[in-house]
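Q: Take a look at protein-v2.pdb, PDB, C-alpha atoms:
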ATOM      1  CA  MET A1184     115.973   8.793  12.346
ATOM      2  CA  GLY A1185     116.283  12.543  11.806
ATOM      3  CA  GLY A1186     114.200  13.200  14.901
ATOM      4  CA  MET A1187     116.446  11.015  17.046
ATOM      5  CA  SER A1188     119.558  12.712  15.622
ATOM      6  CA  SER A1189     118.100  16.134  16.434
ATOM      7  CA  PHE A1190     117.252  14.859  19.928
ATOM      8  CA  GLN A1191     120.865  13.760  20.440
ATOM      9  CA  THR A1192     122.160  17.089  19.131
ATOM     10  CA  LYS A1193     120.039  18.961  21.682
ATOM     11  CA  THR A1194     121.296  16.691  24.464
ATOM     12  CA  ASP A1195     124.931  17.161  23.402
ATOM     13  CA  ARG A1196     124.429  20.916  23.240
ATOM     14  CA  LYS A1197     122.908  20.926  26.727
ATOM     15  CA  LEU A1198     125.837  18.984  28.197
ATOM     16  CA  ASN A1199     128.468  20.989  26.315
ATOM     17  CA  SER A1200     127.054  24.228  27.720
ATOM     18  CA  TYR A1201     127.424  22.950  31.309
ATOM     19  CA  LYS A1202     129.793  25.045  33.446
ATOM     20  CA  PRO A1203     131.634  22.977  36.107
ATOM     21  CA  LEU A1204     131.582  24.320  39.668
ATOM     22  CA  LYS A1205     135.194  23.220  40.207
ATOM     23  CA  PRO A1206     137.856  21.099  38.448
ATOM     24  CA  THR A1207     136.578  17.933  40.138
ATOM     25  CA  ASP A1208     133.004  18.525  38.929
ATOM     26  CA  LYS A1209     132.433  15.609  36.522
ATOM     27  CA  THR A1210     128.711  16.194  35.925
ATOM     28  CA  LYS A1211     129.062  16.454  32.144
ATOM     29  CA  ASP A1212     131.324  13.385  31.860
ATOM     30  CA  PHE A1213     129.068  11.361  34.160
ATOM     31  CA  LEU A1214     125.950  11.991  32.078
ATOM     32  CA  SER A1215     127.787  11.568  28.745
ATOM     33  CA  ASP A1216     129.233   8.217  29.837
ATOM     34  CA  PHE A1217     125.899   7.003  31.217
ATOM     35  CA  LEU A1218     124.220   7.919  27.933
ATOM     36  CA  GLU A1219     126.850   5.924  26.061
ATOM     37  CA  VAL A1220     126.348   2.633  27.907
ATOM     38  CA  LEU A1221     122.564   2.592  28.388
ATOM     39  CA  PRO A1222     120.311   0.522  26.113
ATOM     40  CA  PRO A1223     118.435   2.607  23.501
ATOM     41  CA  ASP A1224     115.193   2.947  25.489
ATOM     42  CA  GLY A1225     117.074   3.859  28.676
ATOM     43  CA  LYS A1226     119.250   6.277  26.708
ATOM     44  CA  ALA A1227     116.109   8.025  25.412
ATOM     45  CA  ASN A1228     114.741   8.382  28.960
ATOM     46  CA  LEU A1229     118.008   9.832  30.260
ATOM     47  CA  ALA A1230     118.116  12.299  27.359
ATOM     48  CA  VAL A1231     114.598  13.450  28.297
ATOM     49  CA  ASP A1232     115.756  13.896  31.911
ATOM     50  CA  ILE A1233     118.809  15.905  30.815
ATOM     51  CA  LEU A1234     116.807  18.173  28.519
ATOM     52  CA  GLY A1235     114.249  18.654  31.290
ATOM     53  CA  CYS A1236     116.869  20.195  33.602
ATOM     54  CA  SER A1237     116.323  23.966  33.597
ATOM     55  CA  ASP A1238     119.840  24.857  34.739
ATOM     56  CA  ASP A1239     123.232  23.472  35.765
ATOM     57  CA  GLU A1240     122.113  22.939  39.351
ATOM     58  CA  LYS A1241     119.356  20.616  38.128
ATOM     59  CA  LEU A1242     121.913  18.657  36.088
ATOM     60  CA  ARG A1243     124.017  18.208  39.236
ATOM     61  CA  GLN A1244     120.901  17.067  41.084
ATOM     62  CA  LEU A1245     120.188  14.544  38.328
ATOM     63  CA  VAL A1246     123.690  13.085  38.702
ATOM     64  CA  GLN A1247     123.320  12.870  42.474
ATOM     65  CA  SER A1248     119.927  11.175  42.119
ATOM     66  CA  ILE A1249     121.486   8.492  39.904
ATOM     67  CA  LYS A1250     124.435   8.029  42.276
ATOM     68  CA  THR A1251     122.432   7.807  45.511
ATOM     69  CA  GLY A1252     119.306   6.246  44.033
ATOM     70  CA  LEU A1253     120.915   3.634  41.780
ATOM     71  CA  LEU A1254     124.702   3.212  41.848
ATOM     72  CA  ILE A1255     125.327   3.310  45.612
ATOM     73  CA  PRO A1256     122.461   0.886  46.416
ATOM     74  CA  LEU A1257     123.852  -1.514  43.803
ATOM     75  CA  LYS A1258     127.489  -1.169  44.905
ATOM     76  CA  SER A1259     126.826  -1.260  48.649
ATOM     77  CA  GLN A1260     125.026  -4.589  48.614
ATOM     78  CA  GLY A1261     127.741  -6.330  50.611
ATOM     79  CA  GLY A1262     127.492  -4.382  53.850
ATOM     80  CA  LYS A1263     125.453  -1.184  53.726
ATOM     81  CA  THR A1264     121.986  -0.221  52.677
ATOM     82  CA  PRO A1265     121.013   3.211  51.341
ATOM     83  CA  THR A1266     119.023   5.411  53.694
ATOM     84  CA  GLU A1267     118.552   8.646  51.761
ATOM     85  CA  VAL A1268     118.389   9.262  48.054
ATOM     86  CA  THR A1269     118.517  12.560  46.209
ATOM     87  CA  PRO A1270     115.252  12.949  44.277
ATOM     88  CA  SER A1271     115.487  13.268  40.522
ATOM     89  CA  PRO A1272     114.604  16.741  39.234
ATOM     90  CA  ARG A1273     112.165  15.326  36.689
ATOM     91  CA  PRO A1274     108.637  16.591  37.368
ATOM     92  CA  ASP A1275     106.765  13.262  37.175
ATOM     93  CA  LEU A1276     109.030  11.466  39.664
ATOM     94  CA  GLU A1277     106.590  11.438  42.590
ATOM     95  CA  GLU A1278     103.821  10.140  40.355
ATOM     96  CA  SER A1279     106.062   7.284  39.193
ATOM     97  CA  ILE A1280     107.002   6.465  42.792
ATOM     98  CA  GLU A1281     103.396   6.450  43.955
ATOM     99  CA  ASN A1282     102.372   4.297  40.989
ATOM    100  CA  LEU A1283     105.024   1.736  41.931
ATOM    101  CA  LYS A1284     104.070   1.798  45.605
ATOM    102  CA  SER A1285     100.402   1.322  44.681
ATOM    103  CA  LEU A1286     101.275  -2.095  43.264
ATOM    104  CA  ASP A1287     101.807  -3.299  46.859
ATOM    105  CA  ILE A1288     105.183  -4.776  45.980
ATOM    106  CA  GLU A1289     106.182  -7.052  48.813
ATOM    107  CA  PRO A1290     109.751  -7.653  49.955
ATOM    108  CA  ILE A1291     111.129 -11.144  49.653
ATOM    109  CA  ASN A1292     111.855 -13.205  52.733
ATOM    110  CA  GLY A1293     114.692 -15.590  53.382
ATOM    111  CA  ASN A1294     112.563 -18.713  53.713
ATOM    112  CA  SER A1295     113.051 -19.680  50.070
ATOM    113  CA  GLN A1296     116.820 -19.153  50.079
ATOM    114  CA  SER A1297     117.887 -22.728  50.805
ATOM    115  CA  GLN A1298     115.484 -24.150  48.216
ATOM    116  CA  LEU A1299     116.704 -21.655  45.614
ATOM    117  CA  ARG A1300     120.294 -22.610  46.363
ATOM    118  CA  ARG A1301     119.504 -26.320  45.897
ATOM    119  CA  HIS A1302     117.794 -25.627  42.574
ATOM    120  CA  CYS A1303     120.698 -23.560  41.261
ATOM    121  CA  LEU A1304     123.320 -26.045  42.457
ATOM    122  CA  GLU A1305     121.478 -28.795  40.601
ATOM    123  CA  ARG A1306     120.988 -26.651  37.491
ATOM    124  CA  ASP A1307     124.644 -25.550  37.416
ATOM    125  CA  GLY A1308     126.074 -29.031  37.929
ATOM    126  CA  TYR A1309     127.438 -28.124  41.377
ATOM    127  CA  LYS A1310     130.037 -25.943  39.641
ATOM    128  CA  CYS A1311     130.979 -22.285  39.458
ATOM    129  CA  PHE A1312     129.592 -20.729  36.276
ATOM    130  CA  ALA A1313     132.787 -18.737  35.744
ATOM    131  CA  SER A1314     135.662 -21.043  36.745
ATOM    132  CA  SER A1315     133.968 -24.495  36.532
ATOM    133  CA  LYS A1316     135.388 -25.368  39.959
ATOM    134  CA  TYR A1317     133.198 -27.870  41.806
ATOM    135  CA  SER A1318     131.524 -27.351  45.156
ATOM    136  CA  GLN A1319     133.627 -28.989  47.833
ATOM    137  CA  ALA A1320     130.445 -29.929  49.726
ATOM    138  CA  TYR A1321     129.041 -32.294  47.074
ATOM    139  CA  PRO A1322     130.313 -35.361  45.178
ATOM    140  CA  HIS A1323     132.792 -34.368  42.463
ATOM    141  CA  PRO A1324     135.434 -35.947  40.214
ATOM    142  CA  GLN A1325     138.439 -37.125  42.212
ATOM    143  CA  ASP A1326     141.020 -34.702  40.823
ATOM    144  CA  ALA A1327     138.665 -31.777  40.259
ATOM    145  CA  LEU A1328     139.422 -28.302  41.556
ATOM    146  CA  THR A1329     136.980 -27.459  44.338
ATOM    147  CA  THR A1330     135.810 -24.306  46.062
ATOM    148  CA  TYR A1331     133.038 -22.795  48.194
ATOM    149  CA  LEU A1332     130.059 -21.918  46.016
ATOM    150  CA  GLU A1333     127.622 -19.114  46.746
ATOM    151  CA  ALA A1334     124.324 -18.109  45.165
ATOM    152  CA  ALA A1335     125.116 -14.834  43.403
ATOM    153  CA  HIS A1336     122.187 -12.540  42.625
ATOM    154  CA  ILE A1337     122.429 -10.488  39.420
ATOM    155  CA  ILE A1338     119.993  -7.800  40.587
ATOM    156  CA  PRO A1339     121.189  -7.609  44.219
ATOM    157  CA  PHE A1340     119.323  -9.465  46.954
ATOM    158  CA  SER A1341     119.394  -6.277  49.049
ATOM    159  CA  LEU A1342     117.008  -4.553  46.598
ATOM    160  CA  GLY A1343     114.332  -7.100  47.447
ATOM    161  CA  SER A1344     114.877  -7.494  51.190
ATOM    162  CA  PHE A1345     113.718  -4.083  52.425
ATOM    163  CA  GLN A1346     111.509  -3.751  55.528
ATOM    164  CA  ALA A1347     107.911  -3.256  54.444
ATOM    165  CA  ASN A1348     106.884  -1.922  57.866
ATOM    166  CA  GLY A1349     108.818   1.320  57.490
ATOM    167  CA  ARG A1350     107.245   4.011  55.306
ATOM    168  CA  SER A1351     110.533   5.768  54.600
ATOM    169  CA  ILE A1352     112.214   2.470  53.702
ATOM    170  CA  VAL A1353     109.390   1.472  51.364
ATOM    171  CA  HIS A1354     109.538   4.931  49.760
ATOM    172  CA  ARG A1355     113.327   4.731  49.344
ATOM    173  CA  ASN A1356     113.078   1.286  47.805
ATOM    174  CA  ALA A1357     110.418   2.531  45.389
ATOM    175  CA  VAL A1358     112.724   5.388  44.314
ATOM    176  CA  ILE A1359     115.522   2.911  43.574
ATOM    177  CA  TRP A1360     113.202   0.688  41.536
ATOM    178  CA  VAL A1361     111.790   3.683  39.640
ATOM    179  CA  ASN A1362     115.370   4.586  38.647
ATOM    180  CA  LEU A1363     116.173   1.000  37.674
ATOM    181  CA  ARG A1364     113.075   0.718  35.513
ATOM    182  CA  ARG A1365     113.540   4.142  33.941
ATOM    183  CA  TYR A1366     117.079   3.556  32.741
ATOM    184  CA  PHE A1367     116.589  -0.180  32.131
ATOM    185  CA  PRO A1368     112.989  -0.375  30.858
ATOM    186  CA  VAL A1369     113.387  -4.083  30.088
ATOM    187  CA  LEU A1370     112.739  -4.691  33.806
ATOM    188  CA  ARG A1371     109.295  -3.174  33.407
ATOM    189  CA  ASN A1372     108.691  -5.221  30.251
ATOM    190  CA  MET A1373     109.698  -8.360  32.192
ATOM    191  CA  SER A1374     107.497  -7.357  35.158
ATOM    192  CA  PHE A1375     110.659  -7.876  37.213
ATOM    193  CA  ALA A1376     110.113  -6.504  40.743
ATOM    194  CA  PRO A1377     111.516  -7.148  44.246
ATOM    195  CA  GLU A1378     109.605 -10.410  44.645
ATOM    196  CA  GLN A1379     111.411 -11.795  41.576
ATOM    197  CA  ILE A1380     114.869 -11.267  43.123
ATOM    198  CA  ASN A1381     114.929 -14.837  44.410
ATOM    199  CA  SER A1382     114.141 -16.363  41.011
ATOM    200  CA  ASP A1383     116.451 -18.879  39.396
ATOM    201  CA  ASN A1384     116.835 -16.578  36.368
ATOM    202  CA  ASN A1385     118.428 -13.968  38.671
ATOM    203  CA  VAL A1386     120.874 -16.305  40.399
ATOM    204  CA  MET A1387     124.009 -18.233  39.456
ATOM    205  CA  MET A1388     126.425 -20.309  41.482
ATOM    206  CA  LEU A1389     129.845 -18.680  41.749
ATOM    207  CA  ASP A1390     133.078 -19.298  43.617
ATOM    208  CA  SER A1391     132.818 -17.199  46.792
ATOM    209  CA  GLN A1392     135.715 -14.919  45.776
ATOM    210  CA  ILE A1393     134.452 -14.496  42.219
ATOM    211  CA  HIS A1394     131.042 -13.739  43.710
ATOM    212  CA  ARG A1395     132.541 -10.765  45.533
ATOM    213  CA  GLU A1396     134.127  -9.419  42.349
ATOM    214  CA  PHE A1397     130.828  -9.906  40.500
ATOM    215  CA  GLY A1398     128.879  -8.203  43.290
ATOM    216  CA  GLN A1399     131.210  -5.210  43.177
ATOM    217  CA  PHE A1400     130.911  -4.973  39.359
ATOM    218  CA  ARG A1401     134.608  -5.774  38.936
ATOM    219  CA  LEU A1402     133.688  -8.853  36.887
ATOM    220  CA  ILE A1403     130.878  -8.906  34.331
ATOM    221  CA  PHE A1404     129.439 -11.310  31.769
ATOM    222  CA  GLU A1405     129.056  -9.826  28.288
ATOM    223  CA  ALA A1406     126.876 -11.755  25.847
ATOM    224  CA  THR A1407     128.339 -13.114  22.605
ATOM    225  CA  GLU A1408     126.313 -13.847  19.472
ATOM    226  CA  ILE A1409     125.715 -17.414  20.699
ATOM    227  CA  PRO A1410     122.766 -17.817  23.127
ATOM    228  CA  HIS A1411     123.869 -18.218  26.754
ATOM    229  CA  GLN A1412     127.533 -17.841  25.826
ATOM    230  CA  TYR A1413     129.390 -15.019  27.574
ATOM    231  CA  HIS A1414     132.770 -13.343  27.601
ATOM    232  CA  ILE A1415     133.969 -12.697  31.155
ATOM    233  CA  LYS A1416     135.297  -9.147  31.371
ATOM    234  CA  THR A1417     137.454  -7.901  34.241
ATOM    235  CA  PHE A1418     138.921  -4.488  35.039
ATOM    236  CA  PRO A1419     142.214  -3.080  36.383
ATOM    237  CA  ASP A1420     140.819  -3.125  39.941
ATOM    238  CA  THR A1421     139.632  -6.754  39.749
ATOM    239  CA  LEU A1422     141.468  -8.913  42.295
ATOM    240  CA  THR A1423     143.853 -11.243  40.487
ATOM    241  CA  GLY A1424     143.530 -14.239  42.829
ATOM    242  CA  PRO A1425     139.854 -15.033  42.218
ATOM    243  CA  ILE A1426     140.207 -14.841  38.424
ATOM    244  CA  PHE A1427     143.338 -17.004  38.102
ATOM    245  CA  PHE A1428     141.323 -20.099  37.145
ATOM    246  CA  LEU A1429     139.022 -18.438  34.607
ATOM    247  CA  PRO A1430     139.155 -19.933  31.081
ATOM    248  CA  LYS A1431     142.104 -18.578  29.102
ATOM    249  CA  ASP A1432     139.802 -17.240  26.392
ATOM    250  CA  ARG A1433     137.369 -15.951  29.043
ATOM    251  CA  ILE A1434     134.475 -17.638  27.211
ATOM    252  CA  VAL A1435     131.864 -19.565  29.214
ATOM    253  CA  ASN A1436     128.724 -21.387  28.109
ATOM    254  CA  PHE A1437     125.776 -21.540  30.490
ATOM    255  CA  LYS A1438     123.685 -24.709  30.348
ATOM    256  CA  VAL A1439     121.192 -26.586  32.467
ATOM    257  CA  HIS A1440     122.984 -29.640  33.852
ATOM    258  CA  ASN A1441     120.025 -31.095  35.744
ATOM    259  CA  GLY A1442     116.412 -30.173  36.443
ATOM    260  CA  SER A1443     114.218 -27.778  34.497
ATOM    261  CA  TRP A1444     115.239 -24.471  36.075
ATOM    262  CA  GLU A1445     115.737 -21.290  34.052
ATOM    263  CA  LEU A1446     119.250 -20.146  33.214
ATOM    264  CA  PRO A1447     120.395 -16.664  34.304
ATOM    265  CA  ASP A1448     118.450 -14.203  32.155
ATOM    266  CA  PRO A1449     120.637 -12.504  29.498
ATOM    267  CA  ARG A1450     118.672  -9.270  29.959
ATOM    268  CA  LEU A1451     119.551  -9.123  33.658
ATOM    269  CA  LEU A1452     123.207  -9.908  32.945
ATOM    270  CA  GLN A1453     123.210  -7.121  30.367
ATOM    271  CA  ILE A1454     122.023  -4.642  33.015
ATOM    272  CA  HIS A1455     124.780  -5.830  35.361
ATOM    273  CA  ALA A1456     127.388  -5.519  32.594
ATOM    274  CA  CYS A1457     126.153  -2.042  31.667
ATOM    275  CA  ILE A1458     126.553  -0.845  35.272
ATOM    276  CA  GLY A1459     130.016  -2.433  35.525
ATOM    277  CA  ASN A1460     131.207  -0.806  32.313
ATOM    278  CA  PHE A1461     129.804   2.575  33.321
ATOM    279  CA  LEU A1462     131.349   2.540  36.808
ATOM    280  CA  HIS A1463     134.777   1.957  35.320
ATOM    281  CA  MET A1464     134.637   4.244  32.285
ATOM    282  CA  SER A1465     133.291   7.125  34.410
ATOM    283  CA  GLY A1466     135.641   6.669  37.365
ATOM    284  CA  GLN A1467     132.625   6.334  39.644
ATOM    285  CA  THR A1468     133.775   3.014  41.064
ATOM    286  CA  GLU A1469     136.671   4.801  42.835
ATOM    287  CA  VAL A1470     134.419   7.639  43.999
ATOM    288  CA  ILE A1471     131.776   5.319  45.458
ATOM    289  CA  ASP A1472     134.288   2.885  46.959
ATOM    290  CA  LYS A1473     136.054   5.802  48.703
ATOM    291  CA  THR A1474     132.752   7.049  50.079
ATOM    292  CA  LEU A1475     131.926   3.593  51.414
ATOM    293  CA  ARG A1476     135.388   3.164  52.969
ATOM    294  CA  ASP A1477     135.312   6.597  54.600
ATOM    295  CA  PHE A1478     131.923   5.938  56.099
ATOM    296  CA  GLU A1479     132.899   2.477  57.300
ATOM    297  CA  ASP A1480     136.180   3.685  58.811
ATOM    298  CA  CYS A1481     134.847   6.802  60.489
ATOM    299  CA  GLY A1482     131.140   6.233  60.838
ATOM    300  CA  GLY A1483     130.702   9.662  59.352
ATOM    301  CA  LEU A1484     132.692  12.367  57.612
ATOM    302  CA  ALA A1485     136.258  11.715  56.574
ATOM    303  CA  PRO A1486     138.719  13.733  58.732
ATOM    304  CA  SER A1487     139.999  15.525  55.666
ATOM    305  CA  GLY A1488     136.511  16.667  54.797
ATOM    306  CA  SER A1489     137.035  15.109  51.371
ATOM    307  CA  THR A1490     134.035  12.843  51.517
ATOM    308  CA  ASP A1491     130.988  13.763  49.473
ATOM    309  CA  VAL A1492     128.500  14.651  52.218
ATOM    310  CA  GLU A1493     125.480  13.766  50.099
ATOM    311  CA  ASP A1494     126.923  10.354  49.360
ATOM    312  CA  LEU A1495     127.605   9.758  53.042
ATOM    313  CA  LEU A1496     123.990  10.480  53.819
ATOM    314  CA  ALA A1497     123.061   7.669  51.462
ATOM    315  CA  MET A1498     124.558   4.935  53.628
ATOM    316  CA  THR A1499     124.313   3.300  56.995
ATOM    317  CA  SER A1500     127.034   1.044  58.350
ATOM    318  CA  LEU A1501     124.502  -1.538  59.530
ATOM    319  CA  ALA A1502     122.499  -4.268  57.818
ATOM    320  CA  LEU A1503     125.136  -6.796  56.758
ATOM    321  CA  LEU A1504     123.687  -9.011  54.087
ATOM    322  CA  VAL A1505     124.261 -12.752  54.242
ATOM    323  CA  GLU A1506     123.781 -14.360  50.854
ATOM    324  CA  ALA A1507     122.347 -17.781  50.359
TER     325      ALA A1507
END
Written as structure tokens, how would this file's structure read?
A:
Amino acid sequence: MGGMSSFQTKTDRKLNSYKPLKPTDKTKDFLSDFLEVLPPDGKANLAVDILGCSDDEKLRQLVQSIKTGLLIPLKSQGGKTPTEVTPSPRPDLEESIENLKSLDIEPINGNSQSQLRRHCLERDGYKCFASSKYSQAYPHPQDALTTYLEAAHIIPFSLGSFQANGRSIVHRNAVIWVNLRRYFPVLRNMSFAPEQINSDNNVMMLDSQIHREFGQFRLIFEATEIPHQYHIKTFPDTLTGPIFFLPKDRIVNFKVHNGSWELPDPRLLQIHACIGNFLHMSGQTEVIDKTLRDFEDCGGLAPSGSTDVEDLLAMTSLALLVEA
């Protein structure tokens, strides 16, 4: 315990000695907030990365590597895919990337999408996990509220649908997965990789509008002490329309209605919730959303020059993703 406390003291001292480049430089706050929300094993890895930074410039590089190599790929799943990521300053990064690439991880294909959707519809009782509205496309009680249901991936579909024939794309995808596994080591323990994206334990049926809020980390499921029971948490920027029909107490219980399919994995939902909480406590959701809007509107730099150039380099306006 004393060793861990000393470790934390060194990390705090390192961050407290950071000298911001300008008033808008939030490097210290970013890393402090990320440390706060990560699970213990991920927190320990981030502390090692922070202490391994030889100067303030390396700390800024570490922040940019997390933004472009983790947060932007997760947030941009609806319409853009990352093209460039800032490498982490940690010395063993390339070795980790090559080790992951050596596993010959294959991207998923869309052929299994319709079957996965059928399985999850059956498992979830043809209802939205969050609002309990029924799918309008299937038999339902006469007076039931109905909606369009979509298969919502917890770890985004876009992180498993990369093009394996492009070396730079494979490398970029490996960097993203190295970051995911470093800060959320449970993925490595689960042997969860791109080919597991289309697994029933990574998918839930959601109302199409709630799906968008979930995909943008504006709605998260936080576990309670009861297995497969969750509290639905929303944020000030969550759209009010989609969440109008959520339970008043925001408590939902996941259960298998039919079939023998796995329920959404609590460990994956915890990762999603961690990212959602971090984006909002750190203010990064506004920063990343602005970067995405500027790039989408202008196809490049914002006229005011206010866009973070490095973040802009991390996107392309192509590759719209159609979910199952």
Q: What is the distance, in Å and to one decimal place, between CA of Arg1301 (chain A) and CA of Val1435 (chain A)?
A: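 CA of Arg1301 (chain A) sits 21.8 Å away from CA of Val1435 (chain A).
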Q: Within 9 Å of (129.2, -11.2, 44.6), in the coordinates the file gives, what residues turn up when you count only C-alpha atoms, written out as a ChimeraX atom specification?
A: /A:1260-1261,1333-1337,1339,1389,1391-1400,1506
Q: Write the residues you've just listed into a file as an mmCIF file, in the coordinates of the input, and include C-alpha atoms for each of them.
A:
data_model
loop_
_atom_site.group_PDB
_atom_site.id
_atom_site.type_symbol
_atom_site.label_atom_id
_atom_site.label_comp_id
_atom_site.auth_asym_id
_atom_site.auth_seq_id
_atom_site.Cartn_x
_atom_site.Cartn_y
_atom_site.Cartn_z
ATOM 1 C CA GLN A 1260 125.026 -4.589 48.614
ATOM 2 C CA GLY A 1261 127.741 -6.330 50.611
ATOM 3 C CA GLU A 1333 127.622 -19.114 46.746
ATOM 4 C CA ALA A 1334 124.324 -18.109 45.165
ATOM 5 C CA ALA A 1335 125.116 -14.834 43.403
ATOM 6 C CA HIS A 1336 122.187 -12.540 42.625
ATOM 7 C CA ILE A 1337 122.429 -10.488 39.420
ATOM 8 C CA PRO A 1339 121.189 -7.609 44.219
ATOM 9 C CA LEU A 1389 129.845 -18.680 41.749
ATOM 10 C CA SER A 1391 132.818 -17.199 46.792
ATOM 11 C CA GLN A 1392 135.715 -14.919 45.776
ATOM 12 C CA ILE A 1393 134.452 -14.496 42.219
ATOM 13 C CA HIS A 1394 131.042 -13.739 43.710
ATOM 14 C CA ARG A 1395 132.541 -10.765 45.533
ATOM 15 C CA GLU A 1396 134.127 -9.419 42.349
ATOM 16 C CA PHE A 1397 130.828 -9.906 40.500
ATOM 17 C CA GLY A 1398 128.879 -8.203 43.290
ATOM 18 C CA GLN A 1399 131.210 -5.210 43.177
ATOM 19 C CA PHE A 1400 130.911 -4.973 39.359
ATOM 20 C CA GLU A 1506 123.781 -14.360 50.854
#
Q: Measure the distance from CA of Ile1338 (chain A) to CA of Ile1233 (chain A) in Å and round it to one decimal.
A: 25.7 Å
Q: Extract, using all atoms listed in the file, all DNA, RNA and protein residues at most 10 Å from Leu1299 (chain A), discarding same-chain residues fewer than 2 positions from it, and format them as a list in words.
A: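 Everything that qualifies: Asn1294, Ser1295, Gln1296, Ser1297, Arg1301, His1302, Cys1303, Leu1304, Glu1305, Ala1334, Asn1381, Ser1382, Asp1383, Val1386 and Ala1507 of chain A.
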Q: Given the choices A:Arg1306, A:His1463, A:Lys1202, A:His1455, which gets closest to Asn1441 (chain A) if the distance is worked out from only C-alpha atoms?
A: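 Of A:Arg1306, A:His1463, A:Lys1202, A:His1455, the one nearest Asn1441 (chain A) is A:Arg1306, counting only C-alpha atoms.
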Q: Just so the selection is clear, what residues does the PyMOL selection byres ((chain A and resi 1311-1323) around 9) cover here, as number ranges by chain?
A: A: 1304, 1307-1310, 1324-1333, 1387-1390, 1393, 1415, 1426-1430, 1433-1437
Q: Store the residues picked out above, limited to C-alpha atoms, as a short mmCIF file (atom, residue, chain, number, x, y, z; two decimals), keeping the file's coordinate frame.
A:
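Result file follows (selection.cif):
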data_model
loop_
_atom_site.label_atom_id
_atom_site.label_comp_id
_atom_site.auth_asym_id
_atom_site.auth_seq_id
_atom_site.Cartn_x
_atom_site.Cartn_y
_atom_site.Cartn_z
CA LEU A 1304 123.32 -26.04 42.46
CA ASP A 1307 124.64 -25.55 37.42
CA GLY A 1308 126.07 -29.03 37.93
CA TYR A 1309 127.44 -28.12 41.38
CA LYS A 1310 130.04 -25.94 39.64
CA PRO A 1324 135.43 -35.95 40.21
CA GLN A 1325 138.44 -37.12 42.21
CA ASP A 1326 141.02 -34.70 40.82
CA ALA A 1327 138.66 -31.78 40.26
CA LEU A 1328 139.42 -28.30 41.56
CA THR A 1329 136.98 -27.46 44.34
CA THR A 1330 135.81 -24.31 46.06
CA TYR A 1331 133.04 -22.80 48.19
CA LEU A 1332 130.06 -21.92 46.02
CA GLU A 1333 127.62 -19.11 46.75
CA MET A 1387 124.01 -18.23 39.46
CA MET A 1388 126.42 -20.31 41.48
CA LEU A 1389 129.84 -18.68 41.75
CA ASP A 1390 133.08 -19.30 43.62
CA ILE A 1393 134.45 -14.50 42.22
CA ILE A 1415 133.97 -12.70 31.16
CA ILE A 1426 140.21 -14.84 38.42
CA PHE A 1427 143.34 -17.00 38.10
CA PHE A 1428 141.32 -20.10 37.15
CA LEU A 1429 139.02 -18.44 34.61
CA PRO A 1430 139.16 -19.93 31.08
CA ARG A 1433 137.37 -15.95 29.04
CA ILE A 1434 134.48 -17.64 27.21
CA VAL A 1435 131.86 -19.57 29.21
CA ASN A 1436 128.72 -21.39 28.11
CA PHE A 1437 125.78 -21.54 30.49
#
Q: One decimal, in Å: what's the spacing between CA of Leu1245 (chain A) and CA of Ala1456 (chain A)?
A: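 One can read the CA of Leu1245 (chain A) to CA of Ala1456 (chain A) distance as 22.1 Å.
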Q: With the file shown as input, list the residues that the PyMOL selection byres ((chain A and resi 1452) around 10) selects, as a list in words.
A: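 With the shown file as input, the PyMOL selection byres ((chain A and resi 1452) around 10) matches Ile1337, Ile1338, Asn1384, Asn1385, Ile1403, Phe1404, Glu1405, Ala1406, Tyr1413, Pro1447, Asp1448, Pro1449, Arg1450, Leu1451, Gln1453, Ile1454, His1455, Ala1456, Cys1457 and Ile1458 of chain A.
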Q: Given the file shown, enumerate the residues that the PyMOL selection byres ((chain A and resi 1247-1251) around 7) captures and present them as a list in words.
A: Arg1243, Gln1244, Leu1245, Val1246, Gly1252, Leu1253, Leu1254, Ile1255, Pro1256, Val1268, Thr1269, Pro1270, Ser1271, Asp1494 and Ala1497 of chain A
